[in-house]
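Colleague: What follows is work39.tsv, TSV, C-alpha atoms.
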```tsv
chain	number	residue	atom	x	y	z
W	1	MET	CA	0.00	0.00	0.00
W	2	ALA	CA	1.30	3.40	-0.91
W	3	HIS	CA	2.57	5.65	1.88
W	4	LEU	CA	1.60	9.29	1.60
W	5	GLN	CA	3.22	12.49	2.77
W	6	ASP	CA	1.19	15.48	3.95
W	7	ASP	CA	3.02	18.78	3.66
W	8	THR	CA	0.52	21.45	4.65
W	9	ARG	CA	-1.49	21.32	7.87
W	10	SER	CA	-2.63	19.38	10.91
W	11	LEU	CA	-5.61	17.15	10.20
W	12	SER	CA	-6.69	16.71	13.80
W	13	ASN	CA	-10.30	17.83	13.25
W	14	SER	CA	-11.00	15.85	10.07
W	15	TYR	CA	-11.32	12.28	11.26
W	16	LEU	CA	-15.11	12.09	11.49
W	17	PRO	CA	-15.54	13.18	7.83
W	18	LEU	CA	-12.80	10.70	6.92
W	19	GLY	CA	-14.70	7.90	8.64
W	20	LEU	CA	-17.93	8.96	6.95
W	21	LEU	CA	-16.15	9.05	3.59
W	22	ASN	CA	-15.09	5.41	4.03
W	23	PHE	CA	-18.61	4.49	5.17
W	24	PHE	CA	-20.32	6.01	2.14
W	25	VAL	CA	-17.73	4.90	-0.45
W	26	TYR	CA	-17.97	1.27	0.68
W	27	GLY	CA	-21.76	1.61	0.82
W	28	THR	CA	-21.76	2.84	-2.78
W	29	LEU	CA	-19.62	-0.08	-3.90
W	30	VAL	CA	-21.84	-2.73	-2.28
W	31	ILE	CA	-24.84	-1.38	-4.22
W	32	PHE	CA	-22.91	-1.97	-7.40
W	33	ALA	CA	-21.62	-5.38	-6.28
W	34	ALA	CA	-24.91	-6.84	-5.08
W	35	PHE	CA	-27.81	-5.09	-6.78
W	36	PHE	CA	-26.71	-3.72	-10.13
W	37	GLN	CA	-26.91	-7.16	-11.79
W	38	LEU	CA	-30.50	-7.44	-10.62
W	39	TYR	CA	-31.24	-4.06	-12.20
W	40	LEU	CA	-29.75	-5.24	-15.49
W	41	LYS	CA	-31.93	-8.34	-15.41
W	42	GLU	CA	-35.01	-6.24	-14.66
W	43	ILE	CA	-34.44	-4.08	-17.75
W	44	GLY	CA	-34.35	-7.20	-19.93
W	45	MET	CA	-30.71	-8.26	-20.26
W	46	ASN	CA	-29.93	-11.98	-20.32
W	47	MET	CA	-27.13	-13.65	-18.38
W	48	LEU	CA	-24.59	-13.58	-21.21
W	49	GLU	CA	-25.21	-9.89	-21.80
W	50	ILE	CA	-24.89	-9.16	-18.08
W	51	GLY	CA	-21.68	-11.18	-17.83
W	52	SER	CA	-20.10	-9.50	-20.85
W	53	LEU	CA	-21.06	-6.09	-19.49
W	54	MET	CA	-19.52	-6.83	-16.08
W	55	ALA	CA	-16.37	-8.16	-17.79
W	56	ILE	CA	-15.66	-4.63	-19.02
W	57	GLY	CA	-14.69	-3.58	-15.51
W	58	PRO	CA	-11.44	-5.55	-15.12
W	59	LEU	CA	-10.35	-4.50	-18.62
W	60	VAL	CA	-10.94	-0.82	-17.97
W	61	SER	CA	-9.16	-1.01	-14.61
W	62	LEU	CA	-5.91	-1.97	-16.34
W	63	PHE	CA	-5.45	1.56	-17.63
W	64	ALA	CA	-7.72	3.41	-15.17
W	65	HIS	CA	-5.57	2.60	-12.12
W	66	PRO	CA	-2.25	3.90	-13.48
W	67	LEU	CA	-3.93	6.94	-15.07
W	68	TRP	CA	-5.62	8.05	-11.86
W	69	ARG	CA	-2.42	7.44	-9.94
W	70	TYR	CA	-0.62	9.66	-12.45
W	71	PHE	CA	-3.19	12.39	-11.82
W	72	SER	CA	-2.62	12.03	-8.06
W	73	ASP	CA	1.14	12.28	-8.38
W	74	ARG	CA	1.03	15.26	-10.72
W	75	SER	CA	-1.53	17.21	-8.70
W	76	ARG	CA	-0.16	16.18	-5.28
W	77	ASN	CA	-3.78	16.33	-4.16
W	78	VAL	CA	-5.42	12.95	-3.58
W	79	ARG	CA	-8.53	14.62	-2.13
W	80	LEU	CA	-9.10	16.62	-5.31
W	81	VAL	CA	-8.59	13.55	-7.50
W	82	LEU	CA	-11.00	11.55	-5.34
W	83	LEU	CA	-13.61	14.31	-5.64
W	84	ALA	CA	-13.19	14.26	-9.43
W	85	MET	CA	-13.75	10.50	-9.43
W	86	LEU	CA	-16.85	10.75	-7.25
W	87	MET	CA	-18.37	13.53	-9.36
W	88	GLY	CA	-17.58	11.66	-12.57
W	89	LEU	CA	-19.15	8.52	-11.14
W	90	LEU	CA	-22.24	10.49	-10.11
W	91	ILE	CA	-22.71	11.99	-13.59
W	92	ILE	CA	-21.95	8.81	-15.54
W	93	GLY	CA	-24.04	6.72	-13.14
W	94	HIS	CA	-27.02	8.94	-13.95
W	95	LEU	CA	-26.44	8.30	-17.66
W	96	VAL	CA	-26.09	4.52	-17.11
W	97	PHE	CA	-29.54	4.34	-15.51
W	98	ARG	CA	-30.99	6.46	-18.32
W	99	ALA	CA	-29.46	4.43	-21.18
W	100	ASN	CA	-32.15	3.04	-23.48
W	101	THR	CA	-29.99	1.15	-26.03
W	102	TYR	CA	-27.36	-1.53	-25.64
W	103	SER	CA	-24.69	0.57	-27.32
W	104	MET	CA	-25.41	3.49	-25.00
W	105	LEU	CA	-25.36	1.20	-21.97
W	106	TYR	CA	-22.01	-0.37	-22.90
W	107	LEU	CA	-20.47	3.04	-23.59
W	108	THR	CA	-21.64	4.55	-20.31
W	109	MET	CA	-20.58	1.43	-18.39
W	110	LEU	CA	-17.09	1.73	-19.86
W	111	LEU	CA	-16.92	5.27	-18.51
W	112	LEU	CA	-18.46	4.27	-15.19
W	113	PHE	CA	-15.79	1.59	-14.64
W	114	PHE	CA	-13.13	4.17	-15.47
W	115	PHE	CA	-14.25	6.24	-12.47
W	116	GLN	CA	-15.33	3.36	-10.22
W	117	SER	CA	-12.54	0.75	-10.43
W	118	PRO	CA	-9.77	2.82	-8.74
W	119	LEU	CA	-12.14	4.43	-6.21
W	120	LEU	CA	-11.24	2.15	-3.31
W	121	VAL	CA	-7.50	2.49	-3.91
W	122	GLN	CA	-7.72	6.30	-3.91
W	123	THR	CA	-9.87	6.29	-0.77
W	124	ASN	CA	-7.35	4.07	1.01
W	125	SER	CA	-4.49	6.29	-0.14
W	126	LEU	CA	-6.23	9.40	1.19
W	127	THR	CA	-6.95	7.65	4.49
W	128	LEU	CA	-3.35	6.50	4.93
W	129	GLY	CA	-2.02	9.94	4.09
W	130	MET	CA	-4.25	11.74	6.56
W	131	ILE	CA	-3.45	9.45	9.49
W	132	GLU	CA	0.31	9.31	8.87
W	133	ASN	CA	2.30	10.48	11.90
W	134	THR	CA	-0.83	10.41	14.08
W	135	ASN	CA	-2.11	8.00	16.72
W	136	HIS	CA	-4.94	6.90	14.44
W	137	ARG	CA	-4.83	3.49	12.81
W	138	TYR	CA	-5.96	2.50	9.35
W	139	GLY	CA	-7.95	-0.42	10.77
W	140	ALA	CA	-10.34	1.95	12.55
W	141	PHE	CA	-11.24	3.69	9.28
W	142	ARG	CA	-11.40	0.36	7.45
W	143	LEU	CA	-13.98	-0.59	10.06
W	144	TRP	CA	-16.06	2.44	9.02
W	145	GLY	CA	-15.94	1.03	5.49
W	146	SER	CA	-16.99	-2.43	6.66
W	147	LEU	CA	-19.91	-0.90	8.56
W	148	GLY	CA	-20.97	1.01	5.46
W	149	TRP	CA	-20.76	-2.12	3.31
W	150	SER	CA	-22.73	-4.21	5.84
W	151	PHE	CA	-25.37	-1.59	6.68
W	152	ILE	CA	-26.14	-0.71	3.06
W	153	ALA	CA	-26.12	-4.39	2.05
W	154	LEU	CA	-28.85	-5.07	4.61
W	155	THR	CA	-30.96	-1.95	4.00
W	156	ALA	CA	-30.58	-1.40	0.25
W	157	GLY	CA	-33.01	-4.14	-0.80
W	158	PRO	CA	-36.07	-2.80	1.06
W	159	ILE	CA	-35.19	0.79	0.06
W	160	ILE	CA	-34.93	-0.14	-3.63
W	161	ASP	CA	-38.21	-2.04	-3.49
W	162	ALA	CA	-39.93	0.84	-1.71
W	163	VAL	CA	-38.77	3.44	-4.25
W	164	GLY	CA	-39.67	1.24	-7.21
W	165	GLN	CA	-38.15	1.03	-10.68
W	166	ASN	CA	-35.63	3.82	-10.06
W	167	GLY	CA	-34.68	2.60	-6.60
W	168	THR	CA	-31.18	1.42	-7.49
W	169	SER	CA	-30.42	4.67	-9.31
W	170	VAL	CA	-31.72	6.84	-6.47
W	171	LEU	CA	-29.81	4.99	-3.76
W	172	PHE	CA	-26.61	4.89	-5.83
W	173	SER	CA	-26.80	8.65	-6.43
W	174	LEU	CA	-27.61	9.39	-2.79
W	175	MET	CA	-24.60	7.44	-1.53
W	176	LEU	CA	-22.34	9.22	-3.99
W	177	LEU	CA	-23.66	12.64	-2.93
W	178	LEU	CA	-22.98	11.76	0.71
W	179	SER	CA	-19.47	10.61	-0.29
W	180	VAL	CA	-18.85	13.93	-2.06
W	181	GLY	CA	-20.14	15.84	0.95
W	182	SER	CA	-17.83	13.94	3.30
W	183	ALA	CA	-14.84	14.57	1.02
W	184	LEU	CA	-15.64	18.30	0.88
W	185	LEU	CA	-15.52	18.45	4.69
W	186	LEU	CA	-11.93	17.21	4.68
W	187	PRO	CA	-9.21	19.88	4.88
W	188	ARG	CA	-7.30	20.82	1.77
W	189	SER	CA	-3.93	19.11	1.74
W	190	ARG	CA	-1.04	18.35	-0.56
W	191	MET	CA	-0.34	14.62	-0.75
W	192	THR	CA	1.55	12.38	-3.09
W	193	THR	CA	2.48	8.71	-3.21
W	194	ASN	CA	5.99	7.66	-2.30
W	195	THR	CA	5.72	4.26	-3.98
W	196	PRO	CA	7.96	4.11	-7.07
W	197	TRP	CA	6.49	3.15	-10.42
W	198	ILE	CA	7.08	-0.46	-11.47
W	199	ARG	CA	9.34	-0.76	-14.49
W	200	GLY	CA	8.90	-3.14	-17.40
W	201	ARG	CA	12.23	-4.81	-16.63
W	202	GLU	CA	10.97	-5.77	-13.18
W	203	ILE	CA	7.85	-7.33	-14.67
W	204	ARG	CA	9.96	-9.25	-17.20
W	205	LEU	CA	12.27	-10.61	-14.50
W	206	THR	CA	9.28	-11.57	-12.37
W	207	LEU	CA	7.81	-13.58	-15.23
W	208	GLN	CA	11.05	-15.56	-15.51
W	209	ASN	CA	10.40	-17.18	-12.12
W	210	LYS	CA	8.80	-20.55	-12.98
W	211	TYR	CA	7.62	-21.24	-9.42
W	212	PHE	CA	5.90	-17.88	-9.24
W	213	LEU	CA	4.27	-18.35	-12.66
W	214	ALA	CA	2.92	-21.76	-11.63
W	215	PHE	CA	1.63	-20.26	-8.39
W	216	VAL	CA	-0.18	-17.48	-10.30
W	217	GLY	CA	-1.56	-19.90	-12.90
W	218	PHE	CA	-3.10	-22.21	-10.30
W	219	GLY	CA	-4.38	-19.12	-8.47
W	220	VAL	CA	-6.26	-18.00	-11.59
W	221	LEU	CA	-8.01	-21.38	-11.75
W	222	VAL	CA	-9.24	-20.88	-8.20
W	223	SER	CA	-10.08	-17.20	-8.68
W	224	ILE	CA	-12.30	-17.53	-11.78
W	225	PRO	CA	-15.11	-19.45	-9.99
W	226	ASN	CA	-14.94	-16.96	-7.10
W	227	ALA	CA	-15.34	-14.06	-9.54
W	228	ILE	CA	-18.21	-15.91	-11.25
W	229	ASN	CA	-19.95	-16.22	-7.90
W	230	GLY	CA	-19.44	-12.54	-7.18
W	231	ILE	CA	-21.21	-11.59	-10.40
W	232	PHE	CA	-23.94	-14.21	-10.61
W	233	MET	CA	-24.78	-15.17	-7.01
W	234	PRO	CA	-27.45	-12.42	-6.73
W	235	LEU	CA	-28.98	-13.57	-10.02
W	236	PHE	CA	-28.96	-17.21	-8.88
W	237	MET	CA	-30.73	-16.23	-5.65
W	238	ASN	CA	-33.25	-14.25	-7.68
W	239	ASP	CA	-33.94	-17.29	-9.87
W	240	LEU	CA	-34.61	-19.31	-6.71
W	241	GLY	CA	-37.16	-16.74	-5.59
W	242	GLY	CA	-34.91	-14.72	-3.33
W	243	SER	CA	-35.78	-11.11	-2.52
W	244	LYS	CA	-33.39	-8.16	-2.59
W	245	LEU	CA	-33.36	-8.28	1.21
W	246	GLU	CA	-32.15	-11.89	1.09
W	247	VAL	CA	-29.50	-10.97	-1.50
W	248	GLY	CA	-28.31	-8.21	0.79
W	249	GLY	CA	-28.29	-10.62	3.72
W	250	ALA	CA	-26.08	-13.02	1.78
W	251	VAL	CA	-23.62	-10.22	0.95
W	252	PHE	CA	-23.71	-9.05	4.58
W	253	LEU	CA	-22.91	-12.50	5.97
W	254	SER	CA	-20.14	-13.00	3.42
W	255	THR	CA	-18.17	-10.10	4.95
W	256	LEU	CA	-19.34	-10.25	8.57
W	257	PHE	CA	-16.42	-12.35	9.79
W	258	GLU	CA	-13.76	-11.08	7.37
W	259	VAL	CA	-12.02	-8.81	9.88
W	260	MET	CA	-11.89	-11.57	12.49
W	261	VAL	CA	-10.42	-14.00	9.95
W	262	PHE	CA	-7.69	-11.53	8.97
W	263	VAL	CA	-6.82	-10.93	12.63
W	264	LEU	CA	-6.55	-14.66	13.29
W	265	LEU	CA	-4.47	-15.22	10.18
W	266	ARG	CA	-2.03	-12.45	11.09
W	267	ARG	CA	-1.68	-13.84	14.59
W	268	TYR	CA	-1.39	-17.57	13.97
W	269	VAL	CA	-0.24	-18.23	10.39
W	270	LYS	CA	3.51	-18.77	10.15
W	271	THR	CA	5.60	-16.97	7.54
W	272	LYS	CA	7.08	-20.15	6.08
W	273	ILE	CA	6.64	-20.98	2.42
W	274	THR	CA	5.78	-24.67	2.88
W	275	TYR	CA	3.36	-23.90	5.71
W	276	LEU	CA	1.63	-21.17	3.69
W	277	MET	CA	1.42	-23.38	0.60
W	278	GLY	CA	-0.25	-26.07	2.69
W	279	CYS	CA	-2.74	-23.50	4.00
W	280	LEU	CA	-3.46	-22.29	0.45
W	281	THR	CA	-4.13	-25.87	-0.65
W	282	MET	CA	-6.62	-26.39	2.17
W	283	VAL	CA	-8.37	-23.06	1.53
W	284	SER	CA	-8.68	-23.91	-2.17
W	285	LEU	CA	-10.26	-27.24	-1.22
W	286	LEU	CA	-12.77	-25.33	0.92
W	287	PHE	CA	-13.54	-23.19	-2.14
W	288	ALA	CA	-14.36	-26.36	-4.12
W	289	ILE	CA	-16.68	-27.55	-1.33
W	290	ARG	CA	-18.34	-24.13	-1.29
W	291	TRP	CA	-19.08	-24.21	-5.03
W	292	ASP	CA	-20.38	-27.77	-4.76
W	293	LEU	CA	-22.79	-26.64	-2.04
W	294	MET	CA	-23.88	-23.72	-4.23
W	295	GLY	CA	-24.60	-26.10	-7.08
W	296	GLU	CA	-26.84	-28.16	-4.79
W	297	ALA	CA	-28.73	-25.18	-3.31
W	298	THR	CA	-32.47	-25.09	-3.96
W	299	HIS	CA	-33.53	-22.25	-1.65
W	300	PRO	CA	-32.22	-18.70	-1.10
W	301	VAL	CA	-31.71	-19.30	2.63
W	302	GLN	CA	-29.23	-22.06	1.82
W	303	ILE	CA	-27.15	-19.62	-0.23
W	304	ILE	CA	-27.22	-17.09	2.62
W	305	PHE	CA	-25.61	-19.59	4.98
W	306	ILE	CA	-23.16	-20.87	2.35
W	307	GLN	CA	-21.94	-17.29	1.94
W	308	VAL	CA	-20.57	-17.43	5.50
W	309	LEU	CA	-17.73	-19.53	4.04
W	310	HIS	CA	-16.63	-16.45	2.07
W	311	ALA	CA	-14.74	-15.02	5.05
W	312	VAL	CA	-12.63	-18.16	5.39
W	313	THR	CA	-12.18	-18.97	1.71
W	314	PHE	CA	-11.65	-15.55	0.15
W	315	GLY	CA	-10.06	-14.07	3.28
W	316	GLY	CA	-7.65	-16.97	3.61
W	317	PHE	CA	-6.87	-17.13	-0.09
W	318	PHE	CA	-6.20	-13.39	-0.32
W	319	TYR	CA	-4.04	-13.21	2.81
W	320	VAL	CA	-1.99	-16.35	2.21
W	321	GLY	CA	-1.60	-15.67	-1.51
W	322	THR	CA	-0.30	-12.16	-0.86
W	323	ARG	CA	2.23	-13.47	1.67
W	324	LEU	CA	3.40	-16.17	-0.72
W	325	THR	CA	3.97	-13.62	-3.48
W	326	GLY	CA	6.55	-11.97	-1.26
W	327	LEU	CA	8.26	-15.29	-0.49
W	328	PHE	CA	8.51	-16.55	-4.06
W	329	LEU	CA	10.38	-13.46	-5.25
W	330	PRO	CA	13.51	-11.61	-4.10
W	331	LYS	CA	12.89	-8.27	-2.43
W	332	PRO	CA	13.60	-6.04	-5.49
W	333	LEU	CA	10.87	-7.81	-7.47
W	334	ARG	CA	8.15	-8.06	-4.83
W	335	SER	CA	6.23	-4.96	-5.92
W	336	ALA	CA	6.25	-6.18	-9.52
W	337	GLY	CA	5.15	-9.61	-8.31
W	338	GLN	CA	2.20	-8.11	-6.45
W	339	ALA	CA	1.22	-6.23	-9.61
W	340	VAL	CA	1.35	-9.42	-11.71
W	341	TYR	CA	-0.54	-11.36	-9.04
W	342	THR	CA	-3.28	-8.70	-8.81
W	343	PHE	CA	-3.60	-8.38	-12.59
W	344	ALA	CA	-3.94	-12.14	-13.05
W	345	LEU	CA	-6.31	-12.89	-10.17
W	346	SER	CA	-8.45	-9.76	-10.38
W	347	GLY	CA	-8.07	-8.53	-13.95
W	348	SER	CA	-7.83	-11.54	-16.23
W	349	ALA	CA	-9.86	-13.79	-13.92
W	350	GLY	CA	-12.62	-11.15	-13.77
W	351	VAL	CA	-12.85	-10.88	-17.56
W	352	ILE	CA	-12.99	-14.67	-17.99
W	353	ALA	CA	-15.53	-14.97	-15.17
W	354	GLY	CA	-17.92	-12.48	-16.76
W	355	LEU	CA	-17.82	-14.07	-20.21
W	356	LEU	CA	-17.59	-17.73	-19.19
W	357	GLY	CA	-20.05	-17.45	-16.32
W	358	GLY	CA	-22.59	-15.57	-18.42
W	359	TRP	CA	-22.34	-18.12	-21.25
W	360	LEU	CA	-22.71	-21.08	-18.86
W	361	PHE	CA	-25.59	-19.53	-16.92
W	362	GLN	CA	-27.42	-18.57	-20.11
W	363	ASN	CA	-27.01	-21.89	-21.94
W	364	PHE	CA	-26.70	-24.56	-19.23
W	365	GLY	CA	-27.98	-22.96	-16.03
W	366	PRO	CA	-26.42	-22.00	-12.69
W	367	VAL	CA	-25.90	-25.59	-11.50
W	368	ALA	CA	-23.60	-26.37	-14.45
W	369	MET	CA	-21.83	-23.06	-13.87
W	370	TYR	CA	-21.04	-23.94	-10.25
W	371	LYS	CA	-20.11	-27.54	-11.07
W	372	LEU	CA	-17.53	-26.31	-13.58
W	373	GLY	CA	-16.32	-24.02	-10.82
W	374	VAL	CA	-15.76	-27.09	-8.65
W	375	ILE	CA	-13.68	-28.73	-11.39
W	376	MET	CA	-11.57	-25.62	-12.01
W	377	THR	CA	-10.98	-25.11	-8.29
W	378	LEU	CA	-9.98	-28.75	-7.79
W	379	LEU	CA	-7.47	-28.45	-10.64
W	380	GLY	CA	-5.97	-25.42	-8.92
W	381	THR	CA	-5.97	-27.26	-5.59
W	382	VAL	CA	-4.10	-30.23	-7.07
W	383	GLY	CA	-1.58	-27.82	-8.57
W	384	PHE	CA	-1.01	-26.14	-5.21
W	385	ALA	CA	-0.68	-29.54	-3.53
W	386	PHE	CA	1.91	-30.59	-6.11
W	387	MET	CA	3.89	-27.39	-5.50
W	388	TRP	CA	3.61	-27.93	-1.76
W	389	GLN	CA	5.17	-31.37	-2.08
W	390	ILE	CA	7.99	-30.09	-4.29
W	391	LEU	CA	8.78	-27.28	-1.87
W	392	ARG	CA	8.77	-29.68	1.09
W	393	VAL	CA	11.23	-32.00	-0.60
W	394	ASN	CA	13.52	-29.53	-2.35
W	395	GLY	CA	13.10	-26.35	-0.31
W	396	TYR	CA	13.06	-22.94	-1.92
W	397	THR	CA	15.16	-19.79	-1.87
W	398	PRO	CA	14.11	-16.85	-4.09
W	399	ALA	CA	16.88	-15.96	-6.52
W	400	MET	CA	17.26	-13.04	-8.89
W	401	ALA	CA	17.34	-13.98	-12.56
W	402	HIS	CA	20.66	-13.40	-14.27
W	403	THR	CA	20.63	-9.83	-15.45
W	404	PRO	CA	23.13	-6.97	-15.65
W	405	PRO	CA	23.27	-4.96	-12.40
W	406	ASP	CA	22.08	-1.78	-14.12
W	407	GLU	CA	18.71	-3.35	-15.03
W	408	LEU	CA	17.43	-3.01	-11.48
```
Let me see the structure of the file written as structure tokens.
Modeller:
Amino acid sequence: MAHLQDDTRSLSNSYLPLGLLNFFVYGTLVIFAAFFQLYLKEIGMNMLEIGSLMAIGPLVSLFAHPLWRYFSDRSRNVRLVLLAMLMGLLIIGHLVFRANTYSMLYLTMLLLFFFQSPLLVQTNSLTLGMIENTNHRYGAFRLWGSLGWSFIALTAGPIIDAVGQNGTSVLFSLMLLLSVGSALLLPRSRMTTNTPWIRGREIRLTLQNKYFLAFVGFGVLVSIPNAINGIFMPLFMNDLGGSKLEVGGAVFLSTLFEVMVFVLLRRYVKTKITYLMGCLTMVSLLFAIRWDLMGEATHPVQIIFIQVLHAVTFGGFFYVGTRLTGLFLPKPLRSAGQAVYTFALSGSAGVIAGLLGGWLFQNFGPVAMYKLGVIMTLLGTVGFAFMWQILRVNGYTPAMAHTPPDEL
């Protein structure tokens, strides 16, 4: 995570607006994550069209993230950049909900993802910068975000139903306006990231590590079914007769225990490559069990309880995978490794999930979609288990690829 430097004023009176900003930004994002697919279905889009539309997001994020970071570095004003993103998202979001042709919808969604995909990163950067050299901790403000995500997940369904056809649009716009208001209450400050840009040579050297490439490849196999579930779980619940309140409840329970899982992992999981690889294998196996249970579900309440496994599966996979990325690579390449890991498991896996999941759901139904997810996850699990055995027998020490000293 980027460290920020504040060079203007004391921020001692700005922490309540900062907490509210996290609350409303996360609340905005859960509306998009849980209820936007239902809106698309209500306006007549089929599963393949919904999946292909949602697949735009990971593609757009590939250039949106570095571009918005460039704006932040040039302006030295993360708050101003965040306000620009929120206002752009508010305007484009209004156009998305007013689109009356497929071409208009796809165009506005491309623009919406441009403003939306880096929103969380910029919010986190602003939070870290404002609390640097203070007694405040990032976890406290992350808790504000978790509360916003959970509260809006639970309340959005009844609100949308009460408002009617435009309920999703109204709530989305309201949360964005509250986010803008919170950001405007923050003091003006000059901030910039201290994290250096990753160079192409570092990426190339990272891709020469065969162990790391195998680790990323098996991770993609496990990540695609998880991304499919993130997109299509609300639609599956809807097909089973689930209400928006039940969809929100499933999303709420999926994140309820996330913080506790991360705390336990930080406290008890050892930083040893063989130990972590064993943990990743077991978590991947739990993922396969989770998708098998989803494929057998016949009632929305069953899905709500299955979603509780999200905290252990996704939380464990994210935490352990991130730690392993740092162990597979020498220190000079770890930032590049994290970039490759994030691109593969969030970017490419998200694109494949939208297209493949939509095609499967549309042509063969949700059960076949989840059963293929079981197969893909088991293949990734076997791959991790194979790597675990190799590492146990042969050991592992990260080594820099042979390259002239001036390339790093």
Colleague: Figure out the distance between atom CA of Pro300 of chain W and atom CA of Met237 of chain W, please, to one decimal in Å.
Modeller: 5.4 Å
Colleague: So, with all atoms listed in the file as the atoms that count, which of W:Arg334, W:Arg392, W:Arg142, W:Lys371 lies closest to Thr123 of chain W?
Modeller: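 Among W:Arg334, W:Arg392, W:Arg142, W:Lys371, it is W:Arg142 that comes nearest to Thr123 of chain W.
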Colleague: Determine, using only C-alpha atoms, which residues of segment 151-237 of chain W have any atom at most 9 Å from an atom of segment 31-43 of chain W, and tabulate each with its shortest atom pair and distance in Å to one decimal place, rows ordered by chain and then rising number, as a tab-separated table.
Modeller:
```
residue	atom	partner	partner_atom	distance
W:Ile152	CA	W:Ile31	CA	7.4
W:Ala153	CA	W:Ile31	CA	7.1
W:Ala156	CA	W:Ile31	CA	7.3
W:Gly157	CA	W:Phe35	CA	8.0
W:Gln165	CA	W:Tyr39	CA	8.7
W:Thr168	CA	W:Tyr39	CA	7.2
W:Leu171	CA	W:Ile31	CA	8.1
W:Phe172	CA	W:Ile31	CA	6.7
W:Gly230	CA	W:Ala33	CA	7.5
W:Ile231	CA	W:Gln37	CA	7.4
W:Phe232	CA	W:Gln37	CA	7.7
W:Met233	CA	W:Ala34	CA	8.6
W:Pro234	CA	W:Ala34	CA	6.3
W:Leu235	CA	W:Leu38	CA	6.3
```
Colleague: So how many Å separate atom CA of Leu391 of chain W and atom CA of Leu205 of chain W, to one decimal?
Modeller: 21.2 Å
Colleague: Restricting the calculation to only C-alpha atoms: of W:Ser117, W:Asn77, W:Thr342, W:Asn135, which residue gets closest to Pro187 of chain W?
Modeller: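 Nearest candidate to Pro187 of chain W out of W:Ser117, W:Asn77, W:Thr342, W:Asn135: W:Asn77.
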Colleague: Could you give me, as a PyMOL selection string, the residues within 9 Å of Val60 of chain W, counting all atoms listed in the file and dropping anything in the same chain fewer than 4 positions from it?
Modeller: chain W and resi 56+64-65+110-111+113-114+117
Colleague: Between atom CA of Phe212 of chain W and atom CA of Tyr319 of chain W, measure the distance and give it in Å to one decimal.
Modeller: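 Interatomic distance here is 16.3 Å.
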Colleague: Using only C-alpha atoms, which protein or nucleic acid residues come within 9 Å of Leu83 of chain W? Drop anything in the same chain fewer than 3 positions from it, and give the result as a list in words.
Modeller: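 Residues near the query, excluding close chain neighbours: Val78, Arg79, Leu80, Leu86, Met87, Gly88, Ser179, Val180, Ala183 and Leu184 of chain W.
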Colleague: If you keep C-alpha atoms, can you produce a file of those selected residues as an mmCIF file, keeping the file's coordinate frame?
Modeller:
```
data_model
loop_
_atom_site.group_PDB
_atom_site.id
_atom_site.type_symbol
_atom_site.label_atom_id
_atom_site.label_comp_id
_atom_site.auth_asym_id
_atom_site.auth_seq_id
_atom_site.Cartn_x
_atom_site.Cartn_y
_atom_site.Cartn_z
ATOM 1 C CA VAL W 78 -5.420 12.950 -3.580
ATOM 2 C CA ARG W 79 -8.530 14.620 -2.130
ATOM 3 C CA LEU W 80 -9.100 16.620 -5.310
ATOM 4 C CA LEU W 86 -16.850 10.750 -7.250
ATOM 5 C CA MET W 87 -18.370 13.530 -9.360
ATOM 6 C CA GLY W 88 -17.580 11.660 -12.570
ATOM 7 C CA SER W 179 -19.470 10.610 -0.290
ATOM 8 C CA VAL W 180 -18.850 13.930 -2.060
ATOM 9 C CA ALA W 183 -14.840 14.570 1.020
ATOM 10 C CA LEU W 184 -15.640 18.300 0.880
#
```
Colleague: My list of candidates is W:Gly148, W:Gly27, W:Asn22, W:Leu176. Which is closest to Ile91 of chain W when distances are computed with all atoms listed in the file?
Modeller: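 Under the stated criterion, the closest residue is W:Leu176.
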Colleague: Under the rule that only C-alpha atoms are counted, which of W:Ala250, W:Leu128, W:Leu207, W:Ile289 is the nearest residue to Ile304 of chain W?
Modeller: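 Nearest candidate to Ile304 of chain W out of W:Ala250, W:Leu128, W:Leu207, W:Ile289: W:Ala250.
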